[in-house]
file entry_28.csv (CSV, C-alpha atoms)
chain,number,residue,atom,x,y,z
M,1,MET,CA,1.7,39.2,8.9
M,2,LYS,CA,2.6,37.7,12.2
M,3,LYS,CA,1.4,34.3,10.9
M,4,LEU,CA,3.9,34.4,7.9
M,5,PRO,CA,7.0,33.4,9.9
M,6,PHE,CA,5.1,30.7,11.7
M,7,LEU,CA,3.8,29.3,8.4
M,8,ILE,CA,7.3,29.3,6.9
M,9,LEU,CA,8.6,27.5,10.0
M,10,LEU,CA,5.8,25.0,9.8
M,11,PHE,CA,6.4,24.3,6.1
M,12,SER,CA,10.2,23.9,6.7
M,13,LEU,CA,9.5,21.4,9.5
M,14,PHE,CA,7.3,19.3,7.3
M,15,TYR,CA,9.7,19.5,4.4
M,16,THR,CA,12.6,18.3,6.7
M,17,LEU,CA,10.5,15.5,8.1
M,18,GLY,CA,9.6,14.4,4.6
M,19,LEU,CA,13.2,14.0,3.6
M,20,SER,CA,14.2,12.3,6.8
M,21,GLN,CA,12.6,8.9,6.2
M,22,VAL,CA,16.0,7.1,6.2
M,23,GLY,CA,18.2,5.9,9.0
M,24,VAL,CA,21.9,6.1,9.7
M,25,LYS,CA,23.8,3.2,8.0
M,26,ASP,CA,21.0,2.9,5.3
M,27,ARG,CA,22.1,2.7,1.7
M,28,VAL,CA,20.3,5.5,-0.1
M,29,LEU,CA,19.8,7.1,-3.5
M,30,ILE,CA,19.8,10.9,-3.3
M,31,GLN,CA,18.7,13.0,-6.3
M,32,THR,CA,19.5,16.7,-6.1
M,33,LYS,CA,17.6,19.6,-7.7
M,34,ASN,CA,20.4,20.1,-10.2
M,35,GLY,CA,20.0,16.6,-11.6
M,36,ASN,CA,22.9,14.8,-9.9
M,37,GLU,CA,22.5,11.4,-8.2
M,38,TYR,CA,24.5,10.0,-5.3
M,39,VAL,CA,24.5,6.5,-3.8
M,40,GLY,CA,26.0,5.8,-0.4
M,41,LYS,CA,25.6,4.9,3.2
M,42,VAL,CA,24.2,7.5,5.6
M,43,ILE,CA,27.0,8.3,8.1
M,44,SER,CA,25.1,11.1,9.9
M,45,GLU,CA,22.2,13.4,9.5
M,46,ASP,CA,21.1,16.7,11.1
M,47,GLN,CA,18.4,19.3,10.4
M,48,ARG,CA,20.5,20.8,7.5
M,49,SER,CA,22.4,18.0,5.7
M,50,TYR,CA,23.2,14.4,5.1
M,51,VAL,CA,26.7,12.9,5.3
M,52,LEU,CA,27.2,10.0,2.9
M,53,ASP,CA,30.0,7.5,2.5
M,54,THR,CA,30.2,6.9,-1.3
M,55,ASN,CA,32.3,4.4,-3.3
M,56,ASP,CA,33.8,7.0,-5.7
M,57,LEU,CA,33.8,10.3,-3.8
M,58,GLY,CA,34.4,9.1,-0.3
M,59,GLN,CA,32.5,11.1,2.4
M,60,ILE,CA,30.4,13.9,1.1
M,61,THR,CA,27.9,16.3,2.6
M,62,ILE,CA,24.6,17.2,0.9
M,63,LYS,CA,22.5,20.0,2.1
M,64,LYS,CA,18.8,19.1,2.5
M,65,GLU,CA,17.8,22.3,0.7
M,66,ASP,CA,19.5,20.9,-2.4
M,67,VAL,CA,17.7,17.4,-2.2
M,68,GLN,CA,15.0,16.7,-4.7
M,69,SER,CA,14.3,13.1,-3.4
M,70,ILE,CA,15.9,10.5,-1.2
M,71,ARG,CA,15.0,6.8,-0.7
M,72,THR,CA,16.5,3.7,0.8
M,73,LEU,CA,17.9,1.2,-1.7
M,74,ARG,CA,16.8,-2.4,-1.7
M,75,GLU,CA,19.2,-5.2,-1.4
M,76,THR,CA,18.7,-6.0,-5.1
M,77,GLU,CA,19.7,-2.5,-6.1
M,78,THR,CA,23.4,-2.1,-6.5
M,79,GLU,CA,26.2,0.2,-7.7
M,80,LYS,CA,28.7,-1.3,-10.2
M,81,GLU,CA,31.6,0.7,-11.5
M,82,GLY,CA,30.0,3.9,-10.6
M,83,GLU,CA,26.7,3.1,-12.3
M,84,ILE,CA,23.4,2.5,-10.4
M,85,TRP,CA,21.6,-0.7,-11.2
M,86,LEU,CA,18.0,0.1,-10.0
M,87,GLU,CA,15.2,-2.4,-9.9
M,88,ASN,CA,13.4,-3.3,-13.1
M,89,PRO,CA,9.9,-1.8,-12.9
M,90,PHE,CA,8.7,-4.0,-15.7
M,91,SER,CA,10.1,-7.3,-14.4
M,92,SER,CA,6.7,-9.0,-14.4
M,93,ARG,CA,6.4,-9.2,-18.2
M,94,TYR,CA,8.4,-9.5,-21.4
M,95,PHE,CA,7.2,-7.6,-24.4
M,96,TYR,CA,3.6,-8.5,-23.4
M,97,ALA,CA,3.6,-12.1,-22.1
M,98,PRO,CA,3.5,-12.3,-18.3
M,99,ASN,CA,5.9,-14.4,-16.2
M,100,GLY,CA,5.8,-15.8,-12.7
M,101,TYR,CA,6.8,-12.5,-11.0
M,102,ASN,CA,4.4,-10.0,-9.6
M,103,LEU,CA,4.4,-6.3,-9.3
M,104,ARG,CA,5.0,-5.2,-5.7
M,105,LYS,CA,2.2,-3.6,-3.7
M,106,GLY,CA,1.8,0.0,-4.8
M,107,GLU,CA,3.9,-0.5,-8.0
M,108,GLY,CA,2.3,0.0,-11.4
M,109,TYR,CA,2.9,0.9,-15.1
M,110,TYR,CA,1.1,2.1,-18.2
M,111,GLN,CA,2.0,0.4,-21.5
M,112,ASN,CA,1.2,1.6,-25.0
M,113,THR,CA,1.9,-0.6,-28.0
M,114,PHE,CA,1.5,0.6,-31.6
M,115,LEU,CA,-0.3,3.7,-30.3
M,116,PHE,CA,-3.6,1.8,-30.1
M,117,VAL,CA,-3.1,-1.0,-27.6
M,118,ASN,CA,-3.3,0.4,-24.0
M,119,GLN,CA,-2.9,-1.3,-20.7
M,120,ALA,CA,-2.3,-0.3,-17.1
M,121,SER,CA,-1.3,-2.7,-14.4
M,122,TYR,CA,-1.1,-2.3,-10.6
M,123,GLY,CA,0.2,-4.3,-7.7
M,124,ILE,CA,-2.7,-4.7,-5.3
M,125,THR,CA,-0.5,-6.8,-3.0
M,126,ASN,CA,2.9,-8.4,-3.4
M,127,ASN,CA,1.2,-11.5,-4.8
M,128,LEU,CA,-1.7,-10.0,-6.8
M,129,THR,CA,-1.6,-7.8,-9.9
M,130,VAL,CA,-4.6,-6.5,-11.8
M,131,GLY,CA,-4.5,-4.8,-15.2
M,132,VAL,CA,-7.1,-3.2,-17.5
M,133,GLY,CA,-6.7,-2.6,-21.2
M,134,VAL,CA,-8.5,-1.2,-24.2
M,135,ILE,CA,-8.1,-0.7,-27.9
M,136,PRO,CA,-10.1,2.6,-28.3
M,137,LEU,CA,-11.6,2.1,-31.7
M,138,PHE,CA,-14.7,4.0,-30.5
M,139,LEU,CA,-12.7,7.1,-31.1
M,140,PHE,CA,-13.0,6.3,-34.9
M,141,ASP,CA,-16.7,6.6,-36.0
M,142,GLY,CA,-18.0,4.7,-33.0
M,143,THR,CA,-16.3,1.4,-34.0
M,144,SER,CA,-16.7,-1.5,-31.4
M,145,SER,CA,-13.7,-1.6,-29.1
M,146,PRO,CA,-12.1,-4.5,-27.2
M,147,ILE,CA,-11.6,-4.1,-23.5
M,148,TRP,CA,-10.1,-6.6,-21.0
M,149,ILE,CA,-8.8,-7.1,-17.5
M,150,THR,CA,-5.7,-9.1,-16.5
M,151,PRO,CA,-5.6,-10.5,-13.0
M,152,LYS,CA,-2.5,-12.5,-12.0
M,153,PHE,CA,-1.6,-14.2,-8.7
M,154,SER,CA,2.0,-15.3,-8.1
M,155,ILE,CA,4.0,-16.8,-5.4
M,156,PRO,CA,7.8,-17.2,-4.9
M,157,VAL,CA,8.5,-20.9,-4.5
M,158,VAL,CA,12.2,-20.1,-4.0
M,159,LYS,CA,12.8,-16.4,-3.5
M,160,ASP,CA,14.5,-14.8,-6.5
M,161,LYS,CA,15.0,-18.2,-8.1
M,162,PHE,CA,11.7,-19.8,-8.9
M,163,ASN,CA,8.3,-18.1,-9.2
M,164,VAL,CA,4.9,-19.5,-10.2
M,165,GLY,CA,2.0,-17.4,-11.4
M,166,VAL,CA,-1.6,-18.1,-12.6
M,167,GLY,CA,-3.8,-15.6,-14.3
M,168,GLY,CA,-5.9,-14.7,-17.3
M,169,LEU,CA,-6.9,-12.1,-19.8
M,170,LEU,CA,-10.7,-11.7,-19.7
M,171,GLY,CA,-12.1,-9.5,-22.4
M,172,THR,CA,-15.1,-8.5,-24.4
M,173,VAL,CA,-15.9,-6.1,-27.3
M,174,LEU,CA,-18.0,-3.1,-26.5
M,175,GLY,CA,-20.9,-2.7,-28.8
M,176,GLU,CA,-21.0,-6.4,-29.8
M,177,GLU,CA,-23.0,-9.3,-28.4
M,178,GLU,CA,-21.5,-12.7,-27.3
M,179,THR,CA,-17.9,-11.6,-28.0
M,180,GLY,CA,-16.1,-12.8,-24.8
M,181,PHE,CA,-12.5,-13.7,-25.4
M,182,GLY,CA,-9.3,-14.3,-23.5
M,183,ILE,CA,-6.8,-16.8,-22.2
M,184,LEU,CA,-6.2,-18.6,-18.9
M,185,TYR,CA,-2.6,-19.4,-18.1
M,186,GLY,CA,0.1,-20.6,-15.8
M,187,ALA,CA,3.6,-19.2,-15.8
M,188,PHE,CA,6.8,-20.9,-14.4
M,189,THR,CA,9.8,-18.6,-14.1
M,190,VAL,CA,13.4,-19.7,-13.2
M,191,GLY,CA,15.9,-16.9,-12.3
M,192,ASP,CA,15.7,-13.5,-10.7
M,193,ARG,CA,14.0,-10.3,-12.0
M,194,ASN,CA,16.9,-9.4,-14.2
M,195,ARG,CA,17.9,-12.7,-15.7
M,196,ASN,CA,15.2,-15.4,-16.1
M,197,LEU,CA,13.6,-18.0,-18.3
M,198,ASN,CA,9.8,-18.5,-18.4
M,199,VAL,CA,7.6,-21.3,-19.6
M,200,GLY,CA,3.9,-20.5,-19.8
M,201,VAL,CA,0.9,-22.7,-20.7
M,202,GLY,CA,-2.4,-21.2,-21.6
M,203,TYR,CA,-5.8,-22.1,-23.0
M,204,GLY,CA,-7.6,-19.4,-25.1
M,205,TYR,CA,-11.3,-19.1,-25.3
M,206,PHE,CA,-13.8,-17.2,-27.5
M,207,ASP,CA,-17.5,-16.8,-27.0
M,208,GLY,CA,-17.5,-19.4,-24.2
M,209,THR,CA,-15.7,-22.1,-26.1
M,210,LEU,CA,-12.3,-23.2,-24.8
M,211,ALA,CA,-9.5,-24.1,-27.3
M,212,ASP,CA,-8.7,-27.8,-27.5
M,213,ARG,CA,-5.0,-27.2,-27.6
M,214,PRO,CA,-2.8,-25.0,-25.4
M,215,VAL,CA,-0.7,-22.1,-26.4
M,216,ILE,CA,2.9,-22.5,-25.2
M,217,ASN,CA,5.0,-19.5,-24.3
M,218,ILE,CA,8.8,-19.7,-23.9
M,219,SER,CA,10.4,-16.3,-23.1
M,220,GLY,CA,13.5,-15.0,-21.5
M,221,MET,CA,15.2,-11.7,-20.3
M,222,ILE,CA,18.8,-10.8,-19.6
M,223,ARG,CA,19.9,-7.5,-18.2
M,224,LEU,CA,23.2,-6.4,-19.9
M,225,SER,CA,23.6,-3.0,-18.3
M,226,PRO,CA,21.9,-0.6,-15.9
M,227,LYS,CA,19.3,0.4,-18.6
M,228,PHE,CA,19.3,-2.3,-21.3
M,229,TYR,CA,17.6,-5.7,-21.3
M,230,LEU,CA,17.8,-8.3,-24.1
M,231,ILE,CA,14.3,-10.0,-24.5
M,232,SER,CA,13.0,-12.9,-26.4
M,233,GLU,CA,9.2,-13.7,-26.4
M,234,ASN,CA,8.1,-16.9,-28.3
M,235,TYR,CA,4.9,-18.8,-28.8
M,236,ILE,CA,3.8,-22.2,-30.1
M,237,ILE,CA,0.2,-21.8,-31.3
M,238,GLN,CA,-1.2,-25.0,-32.7
M,239,ASP,CA,1.6,-26.0,-35.2
M,240,VAL,CA,2.9,-22.5,-35.8
M,241,GLY,CA,5.9,-21.0,-34.0
M,242,LEU,CA,6.0,-17.3,-33.4
M,243,ILE,CA,9.5,-16.1,-32.3
M,244,SER,CA,10.9,-12.7,-31.5
M,245,LEU,CA,14.1,-10.9,-30.4
M,246,GLY,CA,14.5,-7.4,-29.2
M,247,GLY,CA,15.3,-5.3,-26.2
M,248,ARG,CA,14.1,-2.8,-23.6
M,249,VAL,CA,15.7,0.4,-22.6
M,250,ASN,CA,14.7,1.7,-19.1
M,251,PHE,CA,15.1,5.4,-18.5
M,252,ARG,CA,14.2,7.0,-15.2
M,253,LYS,CA,10.5,7.7,-16.1
M,254,VAL,CA,9.8,5.8,-19.3
M,255,SER,CA,10.9,2.6,-21.1
M,256,LEU,CA,11.1,1.7,-24.7
M,257,ASP,CA,10.6,-1.9,-26.0
M,258,PHE,CA,11.5,-2.8,-29.5
M,259,GLY,CA,11.9,-6.0,-31.5
M,260,LEU,CA,11.0,-8.1,-34.4
M,261,TYR,CA,8.5,-11.0,-34.7
M,262,THR,CA,8.5,-13.7,-37.3
M,263,VAL,CA,7.0,-17.2,-37.8
M,264,THR,CA,9.1,-20.3,-38.1
M,265,GLU,CA,7.4,-21.3,-41.4
M,266,ILE,CA,9.2,-18.5,-43.1
M,267,PHE,CA,12.5,-20.1,-42.6
M,268,GLU,CA,11.3,-23.2,-44.4
M,269,SER,CA,10.6,-21.2,-47.5
M,270,GLY,CA,14.1,-19.9,-47.6
M,271,SER,CA,13.0,-16.2,-47.2
M,272,PHE,CA,12.7,-13.9,-44.2
M,273,ALA,CA,10.1,-11.4,-43.2
M,274,ALA,CA,9.3,-9.9,-39.8
M,275,VAL,CA,6.9,-7.5,-38.1
M,276,PRO,CA,8.4,-4.8,-35.9
M,277,LEU,CA,7.3,-4.2,-32.3
M,278,ILE,CA,7.4,-0.8,-30.6
M,279,SER,CA,6.0,-0.3,-27.1
M,280,VAL,CA,6.4,2.5,-24.5
M,281,GLY,CA,6.0,1.9,-20.7
M,282,ILE,CA,5.6,4.5,-18.0
M,283,PRO,CA,6.1,3.3,-14.4
M,284,PHE,CA,4.1,4.9,-11.5
M,285,GLY,CA,3.3,4.3,-7.9
M,286,ASN,CA,5.3,3.8,-4.8
M,287,PRO,CA,6.3,0.1,-4.4
M,288,ALA,CA,6.2,-1.4,-1.0
M,289,GLU,CA,9.4,-2.9,0.5
call {"tool": "encode", "arguments": {"input": "entry_28.csv", "output": "structure tokens"}}
result
Amino acid sequence: MKKLPFLILLFSLFYTLGLSQVGVKDRVLIQTKNGNEYVGKVISEDQRSYVLDTNDLGQITIKKEDVQSIRTLRETETEKEGEIWLENPFSSRYFYAPNGYNLRKGEGYYQNTFLFVNQASYGITNNLTVGVGVIPLFLFDGTSSPIWITPKFSIPVVKDKFNVGVGGLLGTVLGEEETGFGILYGAFTVGDRNRNLNVGVGYGYFDGTLADRPVINISGMIRLSPKFYLISENYIIQDVGLISLGGRVNFRKVSLDFGLYTVTEIFESGSFAAVPLISVGIPFGNPAE
């Protein structure tokens, strides 16, 4: 029984140290156990509480025992009119097409499209992202299933203004012979992670044969609010244009992509038809600064 007070004290010490990874004058985001969020500059800190200087509430004191999490905000994360504009955890892609930005080291996400298409991507370094994907048709009567990896290397030519990335999708079909497929591409992105335009050029291949004409990708993203992004992802494949328009809603622990795809030839016929897109993303990891 004599060990119990000591263990409680030890636990409390480690808990306090875990919350104290911020410095005075840092801009921080504090989430409390009752679900509230506060953004402000740390004025002072002791063993029991933080004192924040906030835009809306002035100086406030938050007890450490009420804190669920605390982290330092990056320069790109701002507070506008009382709303917190956090970083975009899916800034390295549009609906599916990659751009010139990379996931940060330690940052990752899982993406599911139409229930069957699954991919997880992770930032190995600030310049290298690797993803793996599968369409698990083997769950249905042992049908052969496509799998792939998606390495991408990117560099900021001009920070937050112009990024270049090169990568590929390298795949095969489990249970089949000589079914290698994929695409090798380059991506050139103008703008920051919230508002950008991307031009990509890629060559597809199948069973060792490279396509004789490239696929052109022209995509863009505009952030209109703390949670909503307007997205357009478009392709020129041979002589066919595939265009889309939709959006992304980022919640704290999940995102929803939605949109419509159509081909340009439909407009020439005087009619309209489109295929809907629904995709869910789940961010994970602890991105490096």
call {"tool": "residues_around", "arguments": {"input": "entry_28.csv", "residues": "segment 132-142 of chain M", "least_positions_apart": "5", "cutoff": "6 Å", "atoms": "all atoms listed in the file", "output": "PyMOL selection string"}}
result
chain M and resi 116-120+147-149
call {"tool": "atom_distance", "arguments": {"input": "entry_28.csv", "atom1": "atom CA of Trp85 of chain M", "atom2": "atom CA of Glu65 of chain M"}}
result
26.2 Å
call {"tool": "atom_distance", "arguments": {"input": "entry_28.csv", "atom1": "atom CA of Leu73 of chain M", "atom2": "atom CA of Ala97 of chain M"}}
result
28.2 Å
call {"tool": "closest_residue", "arguments": {"input": "entry_28.csv", "among": "M:Lys41, M:Lys105, M:Arg48, M:Lys159", "to": "Arg193 of chain M", "atoms": "only C-alpha atoms"}}
result
M:Lys159
call {"tool": "closest_residue", "arguments": {"input": "entry_28.csv", "among": "M:Phe162, M:Leu245, M:Ile278, M:Pro98", "to": "Leu184 of chain M", "atoms": "only C-alpha atoms"}}
result
M:Pro98
call {"tool": "closest_residue", "arguments": {"input": "entry_28.csv", "among": "M:Tyr96, M:Phe284, M:Tyr38, M:Tyr101", "to": "Phe188 of chain M", "atoms": "only C-alpha atoms"}}
result
M:Tyr101
call {"tool": "build_atoms", "arguments": {"input": "entry_28.csv", "residues": "segment 39-62 of chain M", "atoms": "N, CA and C atoms", "output": "CSV table (one decimal), in the frame of the given file"}}
result
chain,number,residue,atom,x,y,z
M,39,VAL,N,24.8,7.7,-4.5
M,39,VAL,CA,24.5,6.5,-3.8
M,39,VAL,C,25.5,6.3,-2.7
M,40,GLY,N,25.1,6.0,-1.5
M,40,GLY,CA,26.0,5.8,-0.4
M,40,GLY,C,25.3,5.4,0.9
M,41,LYS,N,26.1,5.2,1.9
M,41,LYS,CA,25.6,4.9,3.2
M,41,LYS,C,25.5,6.1,4.0
M,42,VAL,N,24.4,6.3,4.7
M,42,VAL,CA,24.2,7.5,5.6
M,42,VAL,C,25.1,7.4,6.8
M,43,ILE,N,26.1,8.3,6.9
M,43,ILE,CA,27.0,8.3,8.1
M,43,ILE,C,26.4,9.1,9.2
M,44,SER,N,25.8,10.2,8.9
M,44,SER,CA,25.1,11.1,9.9
M,44,SER,C,24.1,12.0,9.2
M,45,GLU,N,23.2,12.5,10.0
M,45,GLU,CA,22.2,13.4,9.5
M,45,GLU,C,21.8,14.4,10.6
M,46,ASP,N,21.6,15.7,10.2
M,46,ASP,CA,21.1,16.7,11.1
M,46,ASP,C,20.0,17.4,10.4
M,47,GLN,N,19.6,18.5,10.9
M,47,GLN,CA,18.4,19.3,10.4
M,47,GLN,C,18.8,19.9,9.0
M,48,ARG,N,20.1,20.0,8.7
M,48,ARG,CA,20.5,20.8,7.5
M,48,ARG,C,21.1,19.9,6.4
M,49,SER,N,21.6,18.7,6.8
M,49,SER,CA,22.4,18.0,5.7
M,49,SER,C,22.4,16.5,6.0
M,50,TYR,N,22.8,15.8,5.0
M,50,TYR,CA,23.2,14.4,5.1
M,50,TYR,C,24.7,14.2,4.8
M,51,VAL,N,25.3,13.3,5.5
M,51,VAL,CA,26.7,12.9,5.3
M,51,VAL,C,26.7,11.5,4.7
M,52,LEU,N,27.2,11.3,3.5
M,52,LEU,CA,27.2,10.0,2.9
M,52,LEU,C,28.6,9.5,2.7
M,53,ASP,N,28.7,8.2,2.8
M,53,ASP,CA,30.0,7.5,2.5
M,53,ASP,C,29.8,6.8,1.1
M,54,THR,N,30.4,7.4,0.1
M,54,THR,CA,30.2,6.9,-1.3
M,54,THR,C,31.4,6.1,-1.7
M,55,ASN,N,31.2,5.2,-2.7
M,55,ASN,CA,32.3,4.4,-3.3
M,55,ASN,C,33.4,5.3,-4.0
M,56,ASP,N,32.9,6.2,-4.8
M,56,ASP,CA,33.8,7.0,-5.7
M,56,ASP,C,34.3,8.3,-5.1
M,57,LEU,N,33.5,8.9,-4.3
M,57,LEU,CA,33.8,10.3,-3.8
M,57,LEU,C,34.2,10.3,-2.3
M,58,GLY,N,34.1,9.1,-1.7
M,58,GLY,CA,34.4,9.1,-0.3
M,58,GLY,C,33.2,9.8,0.5
M,59,GLN,N,33.5,10.4,1.6
M,59,GLN,CA,32.5,11.1,2.4
M,59,GLN,C,32.1,12.4,1.8
M,60,ILE,N,30.8,12.6,1.6
M,60,ILE,CA,30.4,13.9,1.1
M,60,ILE,C,29.2,14.4,1.9
M,61,THR,N,29.0,15.7,1.9
M,61,THR,CA,27.9,16.3,2.6
M,61,THR,C,26.9,17.0,1.6
M,62,ILE,N,25.7,16.7,1.8
M,62,ILE,CA,24.6,17.2,0.9
M,62,ILE,C,23.6,18.0,1.7
